[in-house]
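Visitor: As input, take my_file36.txt (compact mmCIF, C-alpha atoms):
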```txt
# COMPACT_ATOMS: atom_id res chain seq x y z
CA MET A 1 -15.66 121.38 153.10
CA GLN A 2 -19.37 121.15 152.55
CA SER A 3 -22.02 121.97 155.11
CA ILE A 4 -23.38 119.35 157.50
CA SER A 5 -26.71 119.25 155.67
CA SER A 6 -25.05 118.01 152.48
CA TYR A 7 -24.15 114.83 154.37
CA LEU A 8 -27.71 114.15 155.47
CA SER A 9 -28.93 112.77 152.15
CA PRO A 10 -25.95 110.38 151.85
CA LEU A 11 -26.60 109.25 155.41
CA PHE A 12 -30.31 108.77 154.75
CA GLY A 13 -29.57 106.99 151.46
CA GLY A 14 -27.21 104.67 153.32
CA PHE A 15 -29.90 104.00 155.92
CA LEU A 16 -32.35 103.00 153.13
CA ILE A 17 -29.74 100.70 151.57
CA GLY A 18 -29.27 99.14 155.00
CA CYS A 19 -33.04 98.66 155.39
CA SER A 20 -33.16 97.01 151.97
CA ALA A 21 -30.44 94.53 153.02
CA LEU A 22 -32.25 93.79 156.29
CA LEU A 23 -35.56 93.18 154.53
CA LEU A 24 -34.02 90.75 152.04
CA MET A 25 -32.26 88.88 154.86
CA LEU A 26 -35.45 88.70 156.89
CA VAL A 27 -37.61 87.58 153.97
CA LEU A 28 -35.32 85.21 152.04
CA GLY A 29 -32.20 84.88 154.18
CA ARG A 30 -30.15 86.29 151.32
CA ILE A 31 -27.22 88.68 151.24
CA THR A 32 -27.98 91.85 149.27
CA GLY A 33 -25.02 91.57 146.93
CA ILE A 34 -25.88 93.01 143.55
CA SER A 35 -23.07 91.32 141.64
CA GLY A 36 -24.17 87.95 143.03
CA ILE A 37 -27.89 88.53 142.50
CA ALA A 38 -27.38 89.80 138.94
CA SER A 39 -24.67 87.38 137.78
CA SER A 40 -26.68 84.32 138.92
CA LEU A 41 -29.29 85.30 136.33
CA LEU A 42 -26.81 84.21 133.65
CA ASN A 43 -26.16 80.85 135.27
CA LYS A 44 -28.10 77.92 133.80
CA GLY A 45 -28.01 76.13 137.14
CA THR A 46 -29.78 78.91 139.03
CA THR A 47 -33.23 77.68 140.01
CA ASP A 48 -34.37 80.80 141.90
CA LYS A 49 -34.18 83.40 139.16
CA VAL A 50 -37.58 84.98 139.84
CA TRP A 51 -36.81 86.81 143.10
CA ARG A 52 -33.46 87.95 141.67
CA LEU A 53 -35.16 89.49 138.66
CA VAL A 54 -37.85 91.05 140.86
CA PHE A 55 -35.17 92.59 143.09
CA ILE A 56 -33.28 94.02 140.10
CA ILE A 57 -36.52 95.49 138.69
CA GLY A 58 -37.19 96.95 142.15
CA ILE A 59 -33.85 98.78 142.09
CA ILE A 60 -34.74 100.43 138.79
CA ILE A 61 -38.26 101.29 140.03
CA GLY A 62 -36.74 102.86 143.17
CA ALA A 63 -34.48 105.06 141.08
CA LEU A 64 -37.40 105.96 138.78
CA LEU A 65 -39.55 106.92 141.78
CA LEU A 66 -36.99 109.42 142.98
CA GLN A 67 -36.77 110.77 139.43
CA LEU A 68 -40.51 111.44 139.58
CA ILE A 69 -40.29 113.23 142.94
CA MET A 70 -36.98 115.03 142.46
CA PRO A 71 -35.84 114.92 138.84
CA LYS A 72 -32.07 115.07 138.44
CA SER A 73 -29.92 114.34 135.47
CA LEU A 74 -26.67 112.49 135.49
CA PRO A 75 -23.69 114.32 134.01
CA PHE A 76 -22.96 113.70 130.36
CA ARG A 77 -19.28 112.82 130.20
CA ALA A 78 -18.04 113.61 126.73
CA GLU A 79 -14.42 112.95 127.72
CA LEU A 80 -15.10 109.30 128.53
CA SER A 81 -14.91 107.13 125.41
CA SER A 82 -17.12 104.09 124.84
CA VAL A 83 -14.01 101.93 124.81
CA VAL A 84 -13.19 102.98 128.39
CA ILE A 85 -16.80 102.34 129.45
CA VAL A 86 -16.77 98.84 127.95
CA VAL A 87 -13.36 97.98 129.45
CA ALA A 88 -14.48 99.30 132.85
CA GLY A 89 -17.72 97.31 132.64
CA LEU A 90 -15.84 94.11 131.79
CA LEU A 91 -13.43 94.64 134.71
CA VAL A 92 -16.25 95.40 137.16
CA GLY A 93 -18.28 92.37 136.02
CA PHE A 94 -15.33 89.98 135.96
CA GLY A 95 -13.72 91.23 139.16
CA SER A 96 -16.86 91.41 141.29
CA HIS A 97 -17.87 87.88 140.29
CA TYR A 98 -14.34 86.47 140.60
CA GLY A 99 -13.93 88.10 144.02
CA SER A 100 -17.41 86.96 145.12
CA GLY A 101 -18.85 90.41 145.77
CA CYS A 102 -18.96 94.13 145.20
CA THR A 103 -19.67 97.28 147.19
CA SER A 104 -23.03 95.97 148.46
CA GLY A 105 -22.22 92.31 149.16
CA HIS A 106 -18.76 92.80 150.68
CA GLY A 107 -18.81 96.49 151.56
CA VAL A 108 -22.18 96.64 153.31
CA CYS A 109 -23.52 93.17 154.12
CA GLY A 110 -20.16 91.43 154.59
CA ILE A 111 -18.64 94.07 156.83
CA GLY A 112 -22.04 94.38 158.54
CA ARG A 113 -21.69 90.79 159.71
CA PHE A 114 -17.98 91.24 160.46
CA SER A 115 -16.72 88.83 157.77
CA SER A 116 -12.92 89.03 157.51
CA ARG A 117 -13.11 88.08 153.81
CA SER A 118 -15.36 91.04 153.12
CA ILE A 119 -13.20 93.46 155.11
CA VAL A 120 -10.13 92.39 153.11
CA ALA A 121 -12.04 92.56 149.80
CA THR A 122 -13.43 96.03 150.56
CA ILE A 123 -10.02 97.44 151.52
CA THR A 124 -8.59 95.88 148.33
CA PHE A 125 -11.16 97.30 145.89
CA MET A 126 -11.25 100.70 147.60
CA ALA A 127 -7.47 100.91 147.36
CA SER A 128 -7.27 99.72 143.76
CA ALA A 129 -10.06 102.13 142.76
CA ALA A 130 -8.35 105.07 144.52
CA ILE A 131 -5.03 104.22 142.85
CA THR A 132 -6.77 104.01 139.45
CA VAL A 133 -8.37 107.44 139.95
CA PHE A 134 -5.04 108.86 141.12
CA ILE A 135 -3.29 107.59 137.99
CA ILE A 136 -5.99 108.90 135.65
CA ARG A 137 -6.55 112.30 137.28
CA HIS A 138 -3.11 113.20 138.57
CA LEU A 139 -0.53 111.27 136.56
CA VAL A 140 -2.07 110.93 133.10
CA GLY A 141 -4.60 113.78 133.20
CA MET B 1 -46.32 88.28 149.51
CA LYS B 2 -42.76 86.99 149.33
CA LEU B 3 -42.06 88.58 145.96
CA PHE B 4 -43.83 91.77 146.97
CA LEU B 5 -41.44 92.13 149.92
CA VAL B 6 -38.48 91.37 147.65
CA LEU B 7 -39.71 94.09 145.29
CA CYS B 8 -39.97 96.51 148.24
CA SER B 9 -36.42 95.65 149.22
CA GLY B 10 -35.23 96.37 145.68
CA ILE B 11 -37.13 99.66 145.62
CA LEU B 12 -35.55 100.72 148.94
CA PHE B 13 -32.16 99.89 147.47
CA GLY B 14 -32.78 101.92 144.32
CA LEU B 15 -34.12 104.86 146.34
CA GLY B 16 -31.13 104.73 148.68
CA LEU B 17 -28.65 104.72 145.82
CA SER B 18 -30.42 107.65 144.15
CA ILE B 19 -30.90 109.80 147.26
CA SER B 20 -27.28 109.29 148.27
CA GLU B 21 -26.13 110.20 144.72
CA MET B 22 -24.19 106.96 144.38
CA VAL B 23 -25.85 106.67 140.96
CA ASN B 24 -23.81 109.68 139.86
CA PRO B 25 -20.40 108.38 138.70
CA THR B 26 -18.81 111.83 139.09
CA VAL B 27 -19.70 111.90 142.80
CA VAL B 28 -18.25 108.39 143.14
CA LEU B 29 -15.01 109.35 141.36
CA ASN B 30 -14.67 112.47 143.55
CA PHE B 31 -14.99 110.19 146.57
CA LEU B 32 -12.31 107.87 145.21
CA ASP B 33 -10.03 110.84 144.47
CA VAL B 34 -8.43 110.85 147.93
CA PHE B 35 -5.31 112.64 146.68
CA GLY B 36 -7.27 115.43 144.98
CA GLN B 37 -10.40 117.41 145.85
CA TRP B 38 -11.72 114.60 148.04
CA ASP B 39 -15.49 114.47 148.50
CA PRO B 40 -16.10 112.36 151.64
CA SER B 41 -19.91 112.19 151.26
CA LEU B 42 -19.98 108.51 150.29
CA ILE B 43 -18.41 107.62 153.64
CA PHE B 44 -21.79 108.62 155.08
CA VAL B 45 -23.62 106.29 152.67
CA MET B 46 -21.50 103.36 153.77
CA GLY B 47 -21.61 104.44 157.40
CA GLY B 48 -25.39 104.77 157.39
CA ALA B 49 -25.81 101.41 155.66
CA LEU B 50 -23.29 99.64 157.92
CA ILE B 51 -24.78 100.88 161.20
CA THR B 52 -28.26 99.86 160.03
CA VAL B 53 -27.16 96.45 158.76
CA SER B 54 -24.95 95.45 161.69
CA ALA B 55 -27.61 96.41 164.23
CA GLY B 56 -30.41 94.70 162.28
CA PHE B 57 -28.53 91.50 161.36
CA HIS B 58 -27.88 90.89 165.04
CA TRP B 59 -31.62 90.90 165.61
CA ILE B 60 -32.56 88.91 162.47
CA PHE B 61 -30.01 86.15 163.14
CA LYS B 62 -31.71 85.44 166.46
CA ARG B 63 -34.48 83.84 164.39
CA GLN B 64 -34.35 80.16 163.48
CA SER B 65 -34.96 80.93 159.81
CA PRO B 66 -36.04 83.73 157.46
CA LEU B 67 -39.75 84.29 156.81
CA PHE B 68 -39.88 82.57 153.41
CA SER B 69 -36.91 80.22 153.35
CA GLU B 70 -35.87 77.22 155.43
CA LYS B 71 -32.47 78.73 156.28
CA PHE B 72 -30.18 81.73 156.01
CA HIS B 73 -28.00 81.51 152.90
CA LEU B 74 -24.65 82.83 154.12
CA PRO B 75 -21.30 82.31 152.37
CA LYS B 76 -19.56 79.18 153.64
CA VAL B 77 -16.06 80.08 152.46
CA LYS B 78 -14.03 81.61 155.27
CA ASP B 79 -10.49 81.65 153.82
CA ILE B 80 -8.98 84.75 152.33
CA ASP B 81 -7.86 83.23 149.03
CA SER B 82 -6.23 84.60 145.90
CA ASN B 83 -9.56 84.69 144.00
CA LEU B 84 -10.91 87.15 146.55
CA ILE B 85 -7.92 89.49 146.36
CA ILE B 86 -7.46 89.28 142.57
CA GLY B 87 -11.17 89.73 141.91
CA ALA B 88 -11.49 92.69 144.30
CA ALA B 89 -8.40 94.37 142.81
CA ILE B 90 -9.73 93.97 139.24
CA PHE B 91 -13.18 95.21 140.29
CA GLY B 92 -11.56 98.27 141.88
CA ILE B 93 -9.72 99.17 138.66
CA GLY B 94 -13.00 99.09 136.70
CA TRP B 95 -14.77 101.08 139.43
CA GLY B 96 -12.04 103.73 139.37
CA LEU B 97 -12.08 103.92 135.55
CA ALA B 98 -15.75 104.82 135.15
CA GLY B 99 -17.21 105.37 138.63
CA TYR B 100 -19.83 102.62 138.34
CA CYS B 101 -20.22 99.55 140.53
CA PRO B 102 -22.96 96.92 139.95
CA GLY B 103 -25.78 98.38 142.13
CA PRO B 104 -25.60 102.02 141.03
CA VAL B 105 -25.20 101.20 137.34
CA ILE B 106 -28.36 99.05 137.46
CA ALA B 107 -30.25 101.80 139.32
CA GLY B 108 -28.86 104.25 136.77
CA LEU B 109 -30.71 102.40 133.99
CA ALA B 110 -33.67 104.50 135.17
CA TYR B 111 -31.90 107.52 133.66
CA ALA B 112 -31.69 105.77 130.26
CA GLN B 113 -28.21 107.03 129.53
CA LEU B 114 -26.29 105.28 126.77
CA GLU B 115 -23.13 105.20 128.91
CA GLY B 116 -24.82 103.24 131.71
CA VAL B 117 -26.56 100.82 129.35
CA LEU B 118 -23.27 100.10 127.57
CA PHE B 119 -21.53 99.58 130.91
CA CYS B 120 -24.27 97.18 132.01
CA PHE B 121 -23.89 95.00 128.91
CA ALA B 122 -20.13 94.87 129.39
CA MET B 123 -20.56 94.08 133.09
CA PHE B 124 -22.84 91.11 132.36
CA LEU B 125 -20.31 89.90 129.80
CA GLY B 126 -17.66 90.20 132.53
CA PHE B 127 -19.84 88.12 134.90
CA LYS B 128 -20.12 85.44 132.20
CA ILE B 129 -16.37 85.38 131.53
CA SER B 130 -15.65 84.96 135.24
CA GLN B 131 -18.23 82.16 135.49
CA LEU B 132 -16.52 80.36 132.60
CA VAL B 133 -13.03 80.88 134.07
CA LYS B 134 -14.12 79.72 137.54
CA SER B 135 -15.94 76.62 136.27
CA LYS B 136 -12.76 75.30 134.64
```
Written as structure tokens, that's how I'd like the structure from this file.

Guide:
Amino acid sequence: MQSISSYLSPLFGGFLIGCSALLLMLVLGRITGISGIASSLLNKGTTDKVWRLVFIIGIIIGALLLQLIMPKSLPFRAELSSVVIVVAGLLVGFGSHYGSGCTSGHGVCGIGRFSSRSIVATITFMASAAITVFIIRHLVG
Amino acid sequence: MKLFLVLCSGILFGLGLSISEMVNPTVVLNFLDVFGQWDPSLIFVMGGALITVSAGFHWIFKRQSPLFSEKFHLPKVKDIDSNLIIGAAIFGIGWGLAGYCPGPVIAGLAYAQLEGVLFCFAMFLGFKISQLVKSK
């Protein structure tokens, strides 16, 4: 087990994500669901693309800001082939749009407003992700 | 003003994902590895976000409308249908394969890693395929 202090930054990060979702709801009345916000950019019928693009740019700026204050590098994963990355990306994009939400929309905002759809979706993707990791790390690997 | 606040919201989101290390796919995969060396730290990310959101939504929904829109745009569908389950299950497989979900992989573009950029392209292609399938 890790020390208590190692859970403080996840907790604080979660608090900031929560504040972000509250701000967007207060300002525009929108759910902070990244798959929904991002995928609508591809839809010809979407008339409100500007705030979506601004929000997405904000996410990247936020990550860049922390890089300036506390530079960290992500691990380079040589064992993961580009084919796996592309397949995973396709599944995440398809599945999160088809299921109307991802970790933010269902997992945070949906559960946060006690939506039964979001609770079921979150349990489903958590379980299928855990099973996938189990197969890769403990059965195949 | 409206777009400035939206930008602030996005920045908070990106900061939150980075501080909590959700941008790091290895941390995410260690969290999903419940049968191995389980790293529970992401429970605290979700917990922190959920407590904040559920307390704040209660207060925001007391308003007649948001600041810059005539109404709250909440999902109207209430049924738990097959699209929801199938989509969530497929999303989970992709999440477990690489450790990226939509928010963190977009925030991760700040790190300019080829892996994340490639994943992002594929993810947007996946969005498009689902849009085409659903519109049929």

Visitor: Taking 2 positions as the minimum chain separation for residues in the same chain, which residues sit within 10 Å of Leu64 of chain A when counting all atoms listed in the file? Answer as number ranges by chain.

Guide: A: 58-62, 66-71; B: 11, 14-15, 18, 107-111

Visitor: If the cut-off is 6 Å, can you tell me the residues of chain A near chain B, counting all atoms listed in the file? I'd like them as a ChimeraX atom specification.

Guide: /A:7,9-11,13-18,20,23,26-30,34-35,39,54-55,58-64,74,85-86,88-99,108,112,117,121,124-125,128-130,132-133

Visitor: Would you save the residues of that selection, restricted to C-alpha atoms, as a PDB file, in the frame of the given file?

Guide:
```pdb
ATOM      1  CA  TYR A   7     -24.150 114.830 154.370  1.00  0.00           C
ATOM      2  CA  SER A   9     -28.930 112.770 152.150  1.00  0.00           C
ATOM      3  CA  PRO A  10     -25.950 110.380 151.850  1.00  0.00           C
ATOM      4  CA  LEU A  11     -26.600 109.250 155.410  1.00  0.00           C
ATOM      5  CA  GLY A  13     -29.570 106.990 151.460  1.00  0.00           C
ATOM      6  CA  GLY A  14     -27.210 104.670 153.320  1.00  0.00           C
ATOM      7  CA  PHE A  15     -29.900 104.000 155.920  1.00  0.00           C
ATOM      8  CA  LEU A  16     -32.350 103.000 153.130  1.00  0.00           C
ATOM      9  CA  ILE A  17     -29.740 100.700 151.570  1.00  0.00           C
ATOM     10  CA  GLY A  18     -29.270  99.140 155.000  1.00  0.00           C
ATOM     11  CA  SER A  20     -33.160  97.010 151.970  1.00  0.00           C
ATOM     12  CA  LEU A  23     -35.560  93.180 154.530  1.00  0.00           C
ATOM     13  CA  LEU A  26     -35.450  88.700 156.890  1.00  0.00           C
ATOM     14  CA  VAL A  27     -37.610  87.580 153.970  1.00  0.00           C
ATOM     15  CA  LEU A  28     -35.320  85.210 152.040  1.00  0.00           C
ATOM     16  CA  GLY A  29     -32.200  84.880 154.180  1.00  0.00           C
ATOM     17  CA  ARG A  30     -30.150  86.290 151.320  1.00  0.00           C
ATOM     18  CA  ILE A  34     -25.880  93.010 143.550  1.00  0.00           C
ATOM     19  CA  SER A  35     -23.070  91.320 141.640  1.00  0.00           C
ATOM     20  CA  SER A  39     -24.670  87.380 137.780  1.00  0.00           C
ATOM     21  CA  VAL A  54     -37.850  91.050 140.860  1.00  0.00           C
ATOM     22  CA  PHE A  55     -35.170  92.590 143.090  1.00  0.00           C
ATOM     23  CA  GLY A  58     -37.190  96.950 142.150  1.00  0.00           C
ATOM     24  CA  ILE A  59     -33.850  98.780 142.090  1.00  0.00           C
ATOM     25  CA  ILE A  60     -34.740 100.430 138.790  1.00  0.00           C
ATOM     26  CA  ILE A  61     -38.260 101.290 140.030  1.00  0.00           C
ATOM     27  CA  GLY A  62     -36.740 102.860 143.170  1.00  0.00           C
ATOM     28  CA  ALA A  63     -34.480 105.060 141.080  1.00  0.00           C
ATOM     29  CA  LEU A  64     -37.400 105.960 138.780  1.00  0.00           C
ATOM     30  CA  LEU A  74     -26.670 112.490 135.490  1.00  0.00           C
ATOM     31  CA  ILE A  85     -16.800 102.340 129.450  1.00  0.00           C
ATOM     32  CA  VAL A  86     -16.770  98.840 127.950  1.00  0.00           C
ATOM     33  CA  ALA A  88     -14.480  99.300 132.850  1.00  0.00           C
ATOM     34  CA  GLY A  89     -17.720  97.310 132.640  1.00  0.00           C
ATOM     35  CA  LEU A  90     -15.840  94.110 131.790  1.00  0.00           C
ATOM     36  CA  LEU A  91     -13.430  94.640 134.710  1.00  0.00           C
ATOM     37  CA  VAL A  92     -16.250  95.400 137.160  1.00  0.00           C
ATOM     38  CA  GLY A  93     -18.280  92.370 136.020  1.00  0.00           C
ATOM     39  CA  PHE A  94     -15.330  89.980 135.960  1.00  0.00           C
ATOM     40  CA  GLY A  95     -13.720  91.230 139.160  1.00  0.00           C
ATOM     41  CA  SER A  96     -16.860  91.410 141.290  1.00  0.00           C
ATOM     42  CA  HIS A  97     -17.870  87.880 140.290  1.00  0.00           C
ATOM     43  CA  TYR A  98     -14.340  86.470 140.600  1.00  0.00           C
ATOM     44  CA  GLY A  99     -13.930  88.100 144.020  1.00  0.00           C
ATOM     45  CA  VAL A 108     -22.180  96.640 153.310  1.00  0.00           C
ATOM     46  CA  GLY A 112     -22.040  94.380 158.540  1.00  0.00           C
ATOM     47  CA  ARG A 117     -13.110  88.080 153.810  1.00  0.00           C
ATOM     48  CA  ALA A 121     -12.040  92.560 149.800  1.00  0.00           C
ATOM     49  CA  THR A 124      -8.590  95.880 148.330  1.00  0.00           C
ATOM     50  CA  PHE A 125     -11.160  97.300 145.890  1.00  0.00           C
ATOM     51  CA  SER A 128      -7.270  99.720 143.760  1.00  0.00           C
ATOM     52  CA  ALA A 129     -10.060 102.130 142.760  1.00  0.00           C
ATOM     53  CA  ALA A 130      -8.350 105.070 144.520  1.00  0.00           C
ATOM     54  CA  THR A 132      -6.770 104.010 139.450  1.00  0.00           C
ATOM     55  CA  VAL A 133      -8.370 107.440 139.950  1.00  0.00           C
TER      56      VAL A 133
END
```

Visitor: Have a look at atom CA of Met25 of chain A and atom CA of His106 of chain A and let me know their distance in Å, one decimal.

Guide: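 Taking atom CA of Met25 of chain A as the start and atom CA of His106 of chain A as the end point, the length is 14.7 Å.
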
Visitor: For atom CA of Ser115 of chain A and atom CA of Leu53 of chain A, determine how far apart the two atoms are, in Å to one decimal place.

Guide: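 So the two atoms, atom CA of Ser115 of chain A and atom CA of Leu53 of chain A, lie 26.6 Å apart.
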
Visitor: If I take atom CA of Ser104 of chain A and atom CA of Ile31 of chain A, how far is one from the other in Å, to one decimal?

Guide: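 Atom CA of Ser104 of chain A sits 8.9 Å away from atom CA of Ile31 of chain A.
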
Visitor: Applying 8 Å and all atoms listed in the file, which residues near Gly36 of chain A remain after dropping the ones on its own chain fewer than 4 positions away? List them as a list in words.

Guide: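 The residues that qualify are Ser40, His97, Ser100, Gly101 and Gly105 of chain A.
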
Visitor: Draw an axis-aligned box tight on the listed atoms of segment 96-113 of chain B, then pad every side by 4 Å and write out centre and edge lengths in Å to one decimal as lines of an AutoDock Vina configuration file.

Guide:
```
center_x = -22.9
center_y = 102.2
center_z = 135.8
size_x = 29.6
size_y = 18.6
size_z = 20.6
```
